[in-house]
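Structure data follow from work34.cif (mmCIF, C-alpha atoms and all ligand atoms):
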data_run
#
loop_
_atom_site.label_atom_id
_atom_site.label_comp_id
_atom_site.auth_asym_id
_atom_site.auth_seq_id
_atom_site.Cartn_x
_atom_site.Cartn_y
_atom_site.Cartn_z
CA MET A 11 23.06 -17.60 12.66
CA ASN A 12 22.80 -15.05 15.47
CA THR A 13 21.92 -11.37 15.00
CA GLN A 14 25.55 -10.25 14.79
CA GLU A 15 26.54 -12.83 12.17
CA ILE A 16 23.54 -11.90 9.99
CA LEU A 17 24.30 -8.18 10.28
CA GLU A 18 27.96 -8.60 9.33
CA LYS A 19 27.06 -10.54 6.18
CA GLN A 20 24.27 -8.09 5.36
CA GLN A 21 26.73 -5.17 5.50
CA LYS A 22 29.23 -7.04 3.37
CA TYR A 23 27.00 -8.68 0.75
CA LEU A 24 23.68 -6.82 0.45
CA TRP A 25 22.71 -3.38 -0.73
CA PRO A 26 21.20 -1.19 0.42
CA SER A 27 22.12 -2.42 3.89
CA HIS A 28 21.04 0.66 5.88
CA LEU A 29 17.24 0.44 5.45
CA THR A 30 15.98 -0.16 8.98
CA TYR A 31 13.59 1.52 11.40
CA TYR A 32 15.82 0.78 14.39
CA LYS A 33 19.31 1.68 15.65
CA GLU A 34 20.15 -2.01 15.33
CA PRO A 35 18.49 -3.97 12.49
CA LEU A 36 16.04 -6.64 13.63
CA PRO A 37 16.37 -10.07 11.97
CA PHE A 38 13.33 -12.33 12.32
CA ALA A 39 13.54 -16.09 12.25
CA ARG A 40 9.94 -17.23 12.35
CA GLY A 41 6.33 -16.04 12.16
CA GLU A 42 3.03 -17.48 13.30
CA GLY A 43 -0.32 -15.73 12.94
CA MET A 44 -0.04 -12.24 14.44
CA HIS A 45 3.43 -12.83 15.85
CA LEU A 46 7.05 -12.70 14.77
CA TYR A 47 10.04 -14.18 16.59
CA ASP A 48 13.55 -12.75 16.23
CA VAL A 49 16.64 -14.93 15.93
CA GLU A 50 17.19 -14.68 19.69
CA GLY A 51 13.64 -16.02 20.30
CA ASN A 52 11.97 -12.76 21.39
CA LYS A 53 8.27 -12.48 20.46
CA TYR A 54 6.64 -9.45 18.78
CA LEU A 55 3.07 -8.49 17.95
CA ASP A 56 3.25 -7.65 14.25
CA CYS A 57 1.37 -4.50 13.33
CA PHE A 58 3.06 -3.96 9.98
CA GLY A 59 2.63 -7.46 8.46
CA GLY A 60 5.70 -7.47 6.18
CA ILE A 61 4.73 -4.02 4.82
CA LEU A 62 1.08 -5.09 4.42
CA THR A 63 1.91 -8.31 2.62
CA ILE A 64 0.81 -10.68 5.37
CA SER A 65 -2.96 -10.41 5.00
CA VAL A 66 -4.03 -13.51 6.89
CA GLY A 67 -1.19 -13.88 9.38
CA HIS A 68 2.25 -15.42 9.18
CA CYS A 69 2.40 -18.94 7.78
CA HIS A 70 -1.37 -19.41 7.74
CA PRO A 71 -1.85 -23.22 7.62
CA LYS A 72 -4.31 -23.06 4.67
CA VAL A 73 -1.96 -20.90 2.60
CA THR A 74 1.01 -23.06 3.55
CA ALA A 75 -0.93 -26.20 2.54
CA ALA A 76 -1.89 -24.67 -0.83
CA LEU A 77 1.71 -23.62 -1.46
CA THR A 78 3.07 -27.05 -0.51
CA ARG A 79 0.54 -28.87 -2.69
CA GLN A 80 1.44 -26.70 -5.69
CA ILE A 81 5.20 -26.86 -5.14
CA GLU A 82 4.99 -30.64 -5.08
CA THR A 83 2.93 -30.70 -8.30
CA LEU A 84 4.22 -28.04 -10.71
CA VAL A 85 6.30 -24.97 -9.91
CA HIS A 86 6.54 -23.17 -13.20
CA THR A 87 6.08 -23.35 -16.93
CA SER A 88 5.84 -19.61 -17.82
CA THR A 89 2.92 -17.61 -19.13
CA LEU A 90 3.29 -19.27 -22.54
CA TYR A 91 1.20 -22.17 -21.22
CA PRO A 92 -2.15 -21.58 -19.54
CA HIS A 93 -2.70 -23.02 -16.08
CA GLU A 94 -5.82 -23.32 -13.96
CA ASN A 95 -4.51 -21.26 -11.01
CA PRO A 96 -4.08 -17.90 -12.80
CA VAL A 97 -7.33 -18.47 -14.67
CA LEU A 98 -9.27 -19.16 -11.45
CA LEU A 99 -7.62 -16.24 -9.69
CA ALA A 100 -8.42 -13.86 -12.55
CA GLU A 101 -12.05 -15.02 -12.50
CA LYS A 102 -12.24 -14.39 -8.76
CA LEU A 103 -10.71 -10.92 -9.08
CA ALA A 104 -13.16 -10.05 -11.86
CA GLU A 105 -16.00 -10.98 -9.48
CA LEU A 106 -14.64 -8.98 -6.55
CA THR A 107 -13.39 -5.82 -8.22
CA PRO A 108 -15.76 -2.88 -8.76
CA GLY A 109 -17.26 -1.85 -12.10
CA LYS A 110 -16.22 -3.44 -15.36
CA LEU A 111 -12.72 -4.57 -14.36
CA GLN A 112 -12.36 -8.05 -15.77
CA LYS A 113 -9.08 -9.02 -17.44
CA SER A 114 -5.93 -9.53 -15.38
CA PHE A 115 -2.25 -9.53 -16.30
CA PHE A 116 -0.12 -11.12 -13.58
CA LEU A 117 3.34 -9.94 -12.61
CA ASN A 118 5.60 -10.20 -9.58
CA SER A 119 5.38 -6.85 -7.80
CA GLY A 120 3.54 -3.56 -7.44
CA THR A 121 6.21 -1.78 -9.46
CA GLU A 122 5.63 -4.06 -12.43
CA ALA A 123 1.86 -3.81 -12.06
CA ASN A 124 2.04 -0.02 -12.25
CA GLU A 125 4.45 -0.18 -15.21
CA ALA A 126 1.97 -2.42 -17.06
CA ALA A 127 -0.93 -0.16 -16.14
CA ILE A 128 0.75 2.93 -17.58
CA MET A 129 1.74 1.04 -20.74
CA LEU A 130 -1.85 -0.08 -21.19
CA ALA A 131 -3.33 3.35 -20.56
CA LYS A 132 -1.00 4.89 -23.15
CA GLN A 133 -1.97 2.23 -25.69
CA ALA A 134 -5.68 2.58 -25.01
CA THR A 135 -5.80 6.37 -25.16
CA GLY A 136 -3.04 7.10 -27.66
CA SER A 137 -1.81 9.78 -25.26
CA GLN A 138 1.49 9.83 -23.42
CA GLU A 139 1.13 12.16 -20.46
CA VAL A 140 0.26 10.96 -16.98
CA ILE A 141 -0.94 12.68 -13.82
CA ALA A 142 0.29 11.32 -10.49
CA LEU A 143 0.01 12.63 -6.94
CA ARG A 144 2.49 14.45 -4.76
CA HIS A 145 3.24 12.28 -1.69
CA GLY A 146 2.33 9.18 -3.71
CA TYR A 147 4.49 6.07 -4.03
CA SER A 148 4.44 3.83 -7.10
CA GLY A 149 7.55 1.64 -7.10
CA ARG A 150 11.24 1.51 -7.88
CA SER A 151 11.66 1.28 -11.68
CA ALA A 152 12.62 4.45 -13.57
CA LEU A 153 8.99 5.09 -14.56
CA THR A 154 7.45 4.30 -11.19
CA MET A 155 10.12 6.28 -9.30
CA THR A 156 9.22 9.24 -11.48
CA LEU A 157 5.58 8.71 -10.58
CA CYS A 158 6.53 8.96 -6.89
CA GLY A 159 5.74 12.25 -5.24
CA GLN A 160 8.41 11.99 -2.56
CA SER A 161 11.98 13.15 -3.21
CA GLY A 162 13.55 10.44 -1.05
CA TRP A 163 12.22 7.71 -3.32
CA ARG A 164 13.29 9.38 -6.60
CA ILE A 165 16.86 8.17 -6.50
CA GLY A 166 19.35 9.98 -8.69
CA GLY A 167 16.82 12.53 -9.90
CA THR A 168 15.12 9.90 -12.05
CA HIS A 169 13.02 11.52 -14.72
CA VAL A 170 10.76 9.88 -17.26
CA ALA A 171 9.12 12.49 -19.47
CA GLY A 172 5.42 13.27 -19.43
CA ILE A 173 4.55 12.86 -15.75
CA LYS A 174 2.97 15.73 -13.83
CA HIS A 175 2.22 15.71 -10.12
CA ALA A 176 -1.05 17.07 -8.77
CA ILE A 177 -1.39 18.61 -5.31
CA ALA A 178 -2.08 15.84 -2.79
CA PRO A 179 -5.43 15.70 -0.97
CA TYR A 180 -3.47 15.97 2.29
CA CYS A 181 -5.86 17.89 4.54
CA TYR A 182 -3.60 17.91 7.61
CA ARG A 183 -0.92 19.78 5.64
CA CYS A 184 -3.02 21.40 2.91
CA ALA A 185 -0.77 22.94 0.24
CA PHE A 186 -3.38 25.71 -0.21
CA LYS A 187 -3.56 26.30 3.58
CA LEU A 188 -7.31 25.71 3.35
CA LYS A 189 -9.66 23.69 5.52
CA TYR A 190 -12.06 21.00 4.38
CA PRO A 191 -14.93 21.42 3.48
CA ASP A 192 -14.57 25.21 3.02
CA CYS A 193 -11.66 24.51 0.65
CA GLY A 194 -14.18 23.67 -2.10
CA MET A 195 -11.94 20.72 -3.01
CA ALA A 196 -9.29 23.06 -4.44
CA CYS A 197 -6.75 20.23 -4.73
CA ALA A 198 -9.03 18.10 -6.93
CA LYS A 199 -10.10 21.05 -9.08
CA ASP A 200 -6.47 22.13 -9.56
CA ILE A 201 -5.97 19.02 -11.71
CA GLU A 202 -7.77 20.83 -14.54
CA GLU A 203 -5.34 23.74 -14.25
CA LEU A 204 -2.43 21.28 -14.14
CA ILE A 205 -3.58 19.55 -17.33
CA ARG A 206 -4.29 22.80 -19.17
CA THR A 207 -1.01 24.47 -18.23
CA THR A 208 1.56 21.67 -18.11
CA THR A 209 0.43 19.04 -20.62
CA SER A 210 -0.58 18.94 -24.28
CA GLY A 211 -4.19 18.95 -23.11
CA ARG A 212 -4.65 15.22 -23.67
CA VAL A 213 -3.61 12.81 -20.94
CA ALA A 214 -3.36 9.02 -20.83
CA ALA A 215 -4.08 8.49 -17.17
CA PHE A 216 -4.37 9.62 -13.61
CA LEU A 217 -2.61 7.14 -11.34
CA ALA A 218 -3.44 7.42 -7.65
CA GLU A 219 -3.74 5.37 -4.47
CA PRO A 220 -7.12 5.51 -2.69
CA ILE A 221 -5.17 6.04 0.55
CA LEU A 222 -1.60 7.25 0.03
CA GLY A 223 0.29 4.44 1.74
CA VAL A 224 3.99 5.30 1.86
CA GLY A 225 2.79 8.92 2.08
CA GLY A 226 1.60 8.11 5.62
CA TYR A 227 -1.99 6.92 5.05
CA ILE A 228 -3.28 10.19 3.67
CA VAL A 229 -7.05 9.80 3.22
CA PRO A 230 -8.56 12.07 0.53
CA PRO A 231 -11.91 13.74 1.35
CA PRO A 232 -15.10 11.93 0.24
CA GLU A 233 -15.63 14.03 -2.91
CA TYR A 234 -12.01 13.89 -4.06
CA TYR A 235 -12.00 11.02 -6.51
CA GLU A 236 -15.27 11.86 -8.19
CA ILE A 237 -14.07 15.38 -9.01
CA ALA A 238 -10.50 14.38 -9.92
CA VAL A 239 -11.47 11.46 -12.15
CA GLU A 240 -14.17 13.43 -13.97
CA ILE A 241 -11.58 16.06 -14.90
CA VAL A 242 -9.09 13.46 -16.07
CA ARG A 243 -11.73 11.75 -18.24
CA LYS A 244 -12.68 15.11 -19.75
CA TYR A 245 -9.12 15.34 -21.08
CA GLY A 246 -9.12 11.80 -22.45
CA GLY A 247 -7.45 9.97 -19.59
CA VAL A 248 -8.34 6.81 -17.68
CA PHE A 249 -8.18 6.27 -13.95
CA ILE A 250 -5.52 3.82 -12.76
CA CYS A 251 -6.25 2.99 -9.17
CA ASP A 252 -3.16 1.75 -7.35
CA GLU A 253 -4.55 -0.67 -4.76
CA VAL A 254 -1.17 -2.22 -4.02
CA GLN A 255 -1.60 -1.45 -0.31
CA THR A 256 -5.37 -1.05 -0.04
CA ALA A 257 -6.71 -4.10 -1.88
CA LEU A 258 -8.60 -7.09 -0.54
CA GLY A 259 -10.37 -5.69 2.47
CA ARG A 260 -7.50 -3.78 4.06
CA THR A 261 -9.55 -0.57 4.40
CA GLY A 262 -12.62 -2.32 5.86
CA LYS A 263 -16.25 -2.52 4.67
CA TYR A 264 -15.28 -3.08 1.02
CA TRP A 265 -12.85 -5.30 -0.84
CA PHE A 266 -11.10 -2.33 -2.43
CA GLY A 267 -10.13 1.07 -1.08
CA ILE A 268 -11.62 3.03 -3.97
CA GLU A 269 -15.08 1.66 -3.19
CA HIS A 270 -15.22 4.10 -0.25
CA TRP A 271 -15.21 6.87 -2.88
CA GLY A 272 -17.69 5.16 -5.22
CA VAL A 273 -15.57 5.68 -8.34
CA GLU A 274 -14.92 2.88 -10.85
CA PRO A 275 -11.40 2.76 -12.29
CA GLU A 276 -10.62 1.56 -15.82
CA ILE A 277 -7.41 -0.06 -14.55
CA MET A 278 -6.47 -1.27 -11.09
CA THR A 279 -3.17 -2.56 -9.73
CA MET A 280 -2.61 -4.88 -6.77
CA ALA A 281 0.32 -6.66 -5.15
CA LYS A 282 1.54 -6.86 -1.54
CA GLY A 283 -1.15 -8.71 0.48
CA ILE A 284 -2.77 -10.61 -2.36
CA ALA A 285 -0.75 -13.81 -1.85
CA ASN A 286 0.11 -13.47 1.86
CA GLY A 287 3.80 -12.89 1.25
CA SER A 288 4.39 -14.73 -2.04
CA PRO A 289 5.39 -12.39 -4.87
CA LEU A 290 2.46 -11.49 -7.11
CA GLY A 291 1.35 -8.33 -8.88
CA VAL A 292 -1.85 -7.79 -10.86
CA THR A 293 -2.95 -5.25 -13.44
CA ILE A 294 -6.67 -5.70 -14.02
CA ALA A 295 -8.50 -3.68 -16.64
CA THR A 296 -11.85 -3.41 -18.39
CA PRO A 297 -12.01 -5.71 -21.47
CA GLU A 298 -12.04 -2.69 -23.76
CA ILE A 299 -8.80 -1.30 -22.29
CA ALA A 300 -7.12 -4.70 -21.89
CA ASP A 301 -7.84 -5.66 -25.49
CA SER A 302 -6.37 -2.42 -26.82
CA LEU A 303 -2.86 -3.79 -26.23
CA GLN A 304 -0.84 -4.11 -29.41
CA GLY A 305 2.35 -6.14 -29.69
CA LEU A 306 3.88 -8.68 -27.35
CA THR A 307 4.23 -8.51 -23.61
CA ILE A 308 5.13 -11.27 -21.17
CA SER A 309 6.18 -11.70 -17.57
CA THR A 310 8.20 -14.89 -17.25
CA PHE A 311 7.36 -15.54 -13.61
CA GLY A 312 4.15 -13.49 -13.48
CA GLY A 313 1.11 -15.50 -12.47
CA ASN A 314 3.15 -18.60 -11.74
CA PRO A 315 1.09 -21.49 -10.36
CA VAL A 316 2.69 -21.28 -6.91
CA SER A 317 2.00 -17.58 -6.21
CA CYS A 318 -1.49 -17.96 -7.68
CA ALA A 319 -2.18 -20.96 -5.42
CA ALA A 320 -1.14 -18.81 -2.46
CA ALA A 321 -3.42 -15.98 -3.66
CA LEU A 322 -6.42 -18.29 -4.13
CA ALA A 323 -5.95 -19.68 -0.62
CA THR A 324 -5.43 -16.17 0.81
CA LEU A 325 -8.68 -14.96 -0.74
CA GLU A 326 -10.52 -17.95 0.68
CA VAL A 327 -9.13 -17.33 4.16
CA ILE A 328 -9.98 -13.61 4.00
CA GLN A 329 -13.55 -14.56 3.09
CA GLU A 330 -13.77 -17.10 5.92
CA GLU A 331 -11.83 -15.42 8.72
CA SER A 332 -11.30 -11.73 8.11
CA PRO A 333 -13.77 -10.34 5.56
CA PRO A 334 -14.06 -6.57 5.05
CA GLU A 335 -16.75 -6.30 7.80
CA HIS A 336 -14.33 -7.81 10.33
CA VAL A 337 -11.60 -5.39 9.24
CA HIS A 338 -14.04 -2.50 9.57
CA GLU A 339 -14.98 -3.51 13.12
CA VAL A 340 -11.46 -4.18 14.37
CA GLY A 341 -10.13 -1.13 12.50
CA ASP A 342 -12.75 1.06 14.18
CA HIS A 343 -11.71 -0.31 17.54
CA LEU A 344 -8.07 0.50 16.80
CA ARG A 345 -9.06 3.96 15.59
CA GLN A 346 -11.02 4.72 18.77
CA GLY A 347 -8.00 3.70 20.84
CA LEU A 348 -5.73 5.97 18.79
CA GLU A 349 -8.18 8.86 19.21
CA GLU A 350 -7.93 8.33 22.99
CA LEU A 351 -4.13 8.50 22.76
CA TYR A 352 -4.50 11.68 20.68
CA LYS A 353 -6.36 13.28 23.62
CA LYS A 354 -3.59 12.24 25.99
CA TYR A 355 -0.43 13.04 24.01
CA PRO A 356 -0.02 16.39 22.20
CA ILE A 357 2.85 14.97 20.13
CA ILE A 358 0.18 13.09 18.16
CA GLY A 359 -0.72 15.70 15.56
CA ASP A 360 -3.13 13.70 13.42
CA VAL A 361 -4.86 10.32 13.44
CA ARG A 362 -6.11 9.02 10.10
CA GLY A 363 -6.77 5.98 7.98
CA LYS A 364 -9.44 3.42 7.24
CA GLY A 365 -9.89 -0.14 8.46
CA LEU A 366 -6.63 -1.77 9.46
CA MET A 367 -4.58 0.94 7.84
CA GLN A 368 -4.23 3.65 10.49
CA ALA A 369 -1.51 6.24 11.00
CA VAL A 370 -0.53 8.90 13.50
CA GLU A 371 1.71 11.86 12.74
CA ILE A 372 4.21 12.65 15.47
CA VAL A 373 4.90 16.40 15.76
CA ARG A 374 6.72 18.76 18.12
CA ASP A 375 3.46 20.60 18.81
CA ARG A 376 0.05 20.83 17.20
CA ASP A 377 0.46 24.48 16.17
CA SER A 378 3.73 24.23 14.28
CA LYS A 379 3.10 20.61 13.12
CA GLU A 380 6.88 20.30 12.89
CA PRO A 381 7.76 16.61 12.44
CA ALA A 382 9.36 15.25 15.64
CA LEU A 383 11.86 12.79 14.23
CA ASP A 384 13.75 12.31 17.49
CA ALA A 385 10.49 11.25 19.17
CA VAL A 386 9.74 8.91 16.25
CA ALA A 387 13.15 7.25 16.62
CA ALA A 388 12.66 6.90 20.39
CA LEU A 389 9.15 5.45 19.86
CA PHE A 390 10.52 2.80 17.52
CA GLU A 391 13.18 1.77 20.06
CA ALA A 392 10.62 1.69 22.88
CA THR A 393 8.00 -0.31 20.97
CA ARG A 394 10.65 -2.76 19.79
CA LYS A 395 11.79 -3.28 23.38
CA MET A 396 8.15 -3.88 24.42
CA GLY A 397 7.49 -6.35 21.59
CA LEU A 398 5.46 -4.34 19.08
CA ILE A 399 6.26 -3.93 15.38
CA LEU A 400 5.05 -0.72 13.72
CA GLY A 401 5.69 0.86 10.33
CA LYS A 402 6.88 4.30 9.32
CA GLY A 403 5.99 6.59 6.43
CA GLY A 404 5.25 10.09 5.23
CA LEU A 405 7.38 12.57 3.36
CA TYR A 406 8.88 13.66 6.67
CA GLY A 407 9.22 10.15 8.10
CA ASN A 408 7.05 11.09 11.09
CA ALA A 409 3.92 9.05 10.32
CA LEU A 410 3.67 5.82 12.29
CA ARG A 411 1.81 3.24 10.24
CA ILE A 412 -0.27 0.57 11.96
CA ALA A 413 -1.37 -2.13 9.53
CA PRO A 414 -1.57 -5.54 11.17
CA PRO A 415 -2.64 -8.71 9.36
CA LEU A 416 -6.39 -8.62 8.66
CA ILE A 417 -6.98 -11.49 11.11
CA ALA A 418 -6.17 -9.12 14.00
CA THR A 419 -8.71 -9.15 16.82
CA LYS A 420 -9.86 -6.36 19.13
CA ASP A 421 -7.72 -7.99 21.87
CA ASP A 422 -4.66 -7.80 19.61
CA MET A 423 -5.37 -4.13 18.99
CA ASP A 424 -5.85 -3.48 22.72
CA GLN A 425 -2.46 -5.03 23.33
CA ALA A 426 -0.87 -2.88 20.60
CA LEU A 427 -2.54 0.26 21.97
CA GLU A 428 -1.37 -0.52 25.49
CA ILE A 429 2.25 -0.92 24.35
CA PHE A 430 2.01 2.23 22.23
CA ASP A 431 0.62 4.11 25.25
CA TYR A 432 3.54 2.93 27.45
CA ALA A 433 6.02 3.83 24.70
CA LEU A 434 4.58 7.34 24.30
CA ALA A 435 4.74 7.86 28.08
CA GLU A 436 8.33 6.61 28.18
CA VAL A 437 9.43 8.85 25.31
CA LEU A 438 7.82 11.95 26.84
CA ASP A 439 9.18 11.23 30.31
C1 LIG B 501 0.92 2.02 -3.40
C2 LIG B 501 2.13 1.27 -3.85
N1 LIG B 501 2.31 1.08 -5.17
C3 LIG B 501 3.36 0.38 -5.63
C4 LIG B 501 4.31 -0.13 -4.78
C5 LIG B 501 5.47 -0.90 -5.32
O1 LIG B 501 5.31 -2.24 -5.00
P1 LIG B 501 6.57 -3.24 -5.01
O2 LIG B 501 7.45 -2.84 -3.86
O3 LIG B 501 5.92 -4.59 -4.83
O4 LIG B 501 7.22 -3.11 -6.32
C6 LIG B 501 4.15 0.05 -3.40
C7 LIG B 501 5.14 -0.47 -2.46
O5 LIG B 501 5.21 -0.10 -1.32
C8 LIG B 501 3.04 0.78 -2.92
O6 LIG B 501 2.85 0.99 -1.63
#

As structure tokens - that is how I would like this structure written.
Ligand SMILES: Cc1ncc(COP(=O)(O)O)c(C=O)c1O
Amino acid sequence: MNTQEILEKQQKYLWPSHLTYYKEPLPFARGEGMHLYDVEGNKYLDCFGGILTISVGHCHPKVTAALTRQIETLVHTSTLYPHENPVLLAEKLAELTPGKLQKSFFLNSGTEANEAAIMLAKQATGSQEVIALRHGYSGRSALTMTLCGQSGWRIGGTHVAGIKHAIAPYCYRCAFKLKYPDCGMACAKDIEELIRTTTSGRVAAFLAEPILGVGGYIVPPPEYYEIAVEIVRKYGGVFICDEVQTALGRTGKYWFGIEHWGVEPEIMTMAKGIANGSPLGVTIATPEIADSLQGLTISTFGGNPVSCAAALATLEVIQEESPPEHVHEVGDHLRQGLEELYKKYPIIGDVRGKGLMQAVEIVRDRDSKEPALDAVAALFEATRKMGLILGKGGLYGNALRIAPPLIATKDDMDQALEIFDYALAEVLD
């Protein structure tokens, strides 16, 4: 099918059909490594990796081989019957994750993983109230939409009771109009005030992303998590770390984003890049928390042998080809290039991120920080024309997200930076 035929059927048979970064939606036909090819055969350097799902590149031969082997052997039996793939994957995750995290429950998405995490935290603590973050994103079920701290993602005014949103550690647009480090970490300390004034005084959990992904790669200051989590524990809650975007080396140096902050969560969720594009979600918890579950819970497709085979192969490839040290090095290179562009183009208001998870905020000027949405739209058209795929995020939709597959090289990043430079020049012309 050509582009037009796909678009006509999309409009007629799919909803929502308007979610696209471009004036004209962009249907892809094929992917290989760092590259995507549209249905007309045009080639693109992929710096958004299927919204951070493609950890080790499109159609990595080792992942494809593992998937094929499993599909030819046994596709599914359900979680009622144990299978070696989920067991091996859970063992591997227990080895890699920080602290005492050990027991995994497999699902199909980040939304489900966060749902399970909240259920578990409520069971373990006997409390019902949950603290989430403004600017955070947690998924698309009623509960996880309520956890979101962005109005656009809370469709229909969704409201599940008992969720309170703390001020985000968003230094570039500090809600207190303070500057780090003179701020004294007011945002983290305000969580105590939030709990004491808006809850019963006992909370089940604090759910937060180490780097707020959909929020536009907001990176909390180094002290943030230690202060925030200590307060939450004081009021009986556990820390649920949402690593749906940040897990498995994405942020460089470490396997998990939260390791940059040196805090050990009681529960962690993962999805997206764990199986290189196959659907898989994980809620991993300490044995004490995991074993507190009462009653029955099941995910029919969760932890199916095929997705787990893909995840096992993906982990192996990350270890062999793009371990956290590689991501740190290439991410640093990308960051330096973005800092150079910051010096050149005043419409770049902020550069932030870790590893291969970097963002720039596009603003009218650095004093007003007003989001420049027309420039963002023009940048997307220009980069598309020049063969570069970027992501978008942030409450205002003005954060460009650059998150290529972890196998990206410095040369790939130089190419992306060069295109981005040309695009910025074209838009400002
Ligand atoms: C941090 C975070 N948590 C949860 C989710 C929800 O994951 P899914 O779309 O797989 O349900 C997302 C998706 O973007 C996410 O970025």

Compute the set of protein, DNA and RNA residues whose minimum atom distance to ligand LIG 501 (chain B) is at most 10 Å, using all atoms listed in the file, and state it as a CSV table (one decimal) with C-alpha atoms, in the frame of the given file.
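Saved to pocket.csv:
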chain,number,residue,atom,x,y,z
A,61,ILE,CA,4.7,-4.0,4.8
A,62,LEU,CA,1.1,-5.1,4.4
A,63,THR,CA,1.9,-8.3,2.6
A,117,LEU,CA,3.3,-9.9,-12.6
A,118,ASN,CA,5.6,-10.2,-9.6
A,119,SER,CA,5.4,-6.8,-7.8
A,120,GLY,CA,3.5,-3.6,-7.4
A,121,THR,CA,6.2,-1.8,-9.5
A,122,GLU,CA,5.6,-4.1,-12.4
A,123,ALA,CA,1.9,-3.8,-12.1
A,124,ASN,CA,2.0,0.0,-12.2
A,125,GLU,CA,4.4,-0.2,-15.2
A,146,GLY,CA,2.3,9.2,-3.7
A,147,TYR,CA,4.5,6.1,-4.0
A,148,SER,CA,4.4,3.8,-7.1
A,149,GLY,CA,7.6,1.6,-7.1
A,150,ARG,CA,11.2,1.5,-7.9
A,151,SER,CA,11.7,1.3,-11.7
A,154,THR,CA,7.4,4.3,-11.2
A,155,MET,CA,10.1,6.3,-9.3
A,157,LEU,CA,5.6,8.7,-10.6
A,158,CYS,CA,6.5,9.0,-6.9
A,217,LEU,CA,-2.6,7.1,-11.3
A,218,ALA,CA,-3.4,7.4,-7.6
A,219,GLU,CA,-3.7,5.4,-4.5
A,220,PRO,CA,-7.1,5.5,-2.7
A,221,ILE,CA,-5.2,6.0,0.6
A,222,LEU,CA,-1.6,7.2,0.0
A,223,GLY,CA,0.3,4.4,1.7
A,224,VAL,CA,4.0,5.3,1.9
A,225,GLY,CA,2.8,8.9,2.1
A,251,CYS,CA,-6.2,3.0,-9.2
A,252,ASP,CA,-3.2,1.8,-7.4
A,253,GLU,CA,-4.6,-0.7,-4.8
A,254,VAL,CA,-1.2,-2.2,-4.0
A,255,GLN,CA,-1.6,-1.4,-0.3
A,256,THR,CA,-5.4,-1.0,0.0
A,257,ALA,CA,-6.7,-4.1,-1.9
A,279,THR,CA,-3.2,-2.6,-9.7
A,280,MET,CA,-2.6,-4.9,-6.8
A,281,ALA,CA,0.3,-6.7,-5.2
A,282,LYS,CA,1.5,-6.9,-1.5
A,283,GLY,CA,-1.2,-8.7,0.5
A,289,PRO,CA,5.4,-12.4,-4.9
A,290,LEU,CA,2.5,-11.5,-7.1
A,291,GLY,CA,1.4,-8.3,-8.9

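Computed from the coordinates, the CA of Arg362 (chain A) to CA of Val229 (chain A) distance equals 7.0 Å.
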
Six-sided padding of 5 Å per side, axis-aligned box over region 130-140 of chain A, centre and edges in Å, one decimal, as lines of an AutoDock Vina configuration file:
center_x = -2.2
center_y = 6.0
center_z = -22.3
size_x = 17.3
size_y = 22.2
size_z = 20.7

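Nearest-residue note for Ser288 (chain A): choosing from A:Arg144, A:Lys420, A:Lys22, A:His68, the minimum distance belongs to A:His68, counting only C-alpha atoms.
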
If you count all atoms listed in the file, the residue of A:Arg79, A:Arg164, A:Lys113, A:Lys395 closest to Thr293 (chain A) turns out to be A:Lys113

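Taking CA of Gly365 (chain A) and CA of Lys263 (chain A) as endpoints, the distance between them is 7.8 Å.
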
Q) Excluding same-chain residues fewer than 3 positions from Trp271 (chain A), what lies within 8 Å of it counting all atoms listed in the file, as a VMD selection string? A) chain A and resid 232 to 236 267 to 268

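Proximity of A:Pro415, A:Gly305, A:Gly226, A:Pro297 to Lys402 (chain A), computed with only C-alpha atoms, is greatest for A:Gly226.
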
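Remark: for Ile328 (chain A), the closest of the candidate residues A:Tyr406, A:Tyr54, A:Trp265, A:Tyr32 is A:Trp265 (distances computed over all atoms listed in the file).
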
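In terms of minimum interatomic distance to His338 (chain A), A:Leu366 ranks closest within A:Leu366, A:Ile16, A:Cys181, A:Leu90, counting all atoms listed in the file.
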
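Note that CA of Arg394 (chain A) and CA of Lys19 (chain A) are 22.7 Å apart.
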
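Among the candidate residues A:Leu111, A:Ile399, A:Ala323, A:Leu77, the one lying nearest to Phe249 (chain A) is A:Leu111, with distances computed using all atoms listed in the file.
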
- Compile the contact shell of Pro315 (chain A) as a PyMOL selection string: residues with an atom at most 10 Å away, counting all atoms listed in the file, same-chain residues fewer than 2 positions apart removed. chain A and resi 77+80-81+83-89+92-97+311-313+317-321

Would you mind listing what lies within 8 Å of Phe266 (chain A) as a ChimeraX atom specification, with only C-alpha atoms counted and same-chain residues fewer than 4 positions away left out? /A:107-108,253,256-261,270

Requested in this report: Excluding region 436-438 of chain A and any residue of its chain fewer than 4 positions from it, enumerate the residues within 9 Å of it, using only C-alpha atoms, and give them as a PyMOL selection string.
Outcome: chain A and resi 355+357+385+388-389+392+431-432
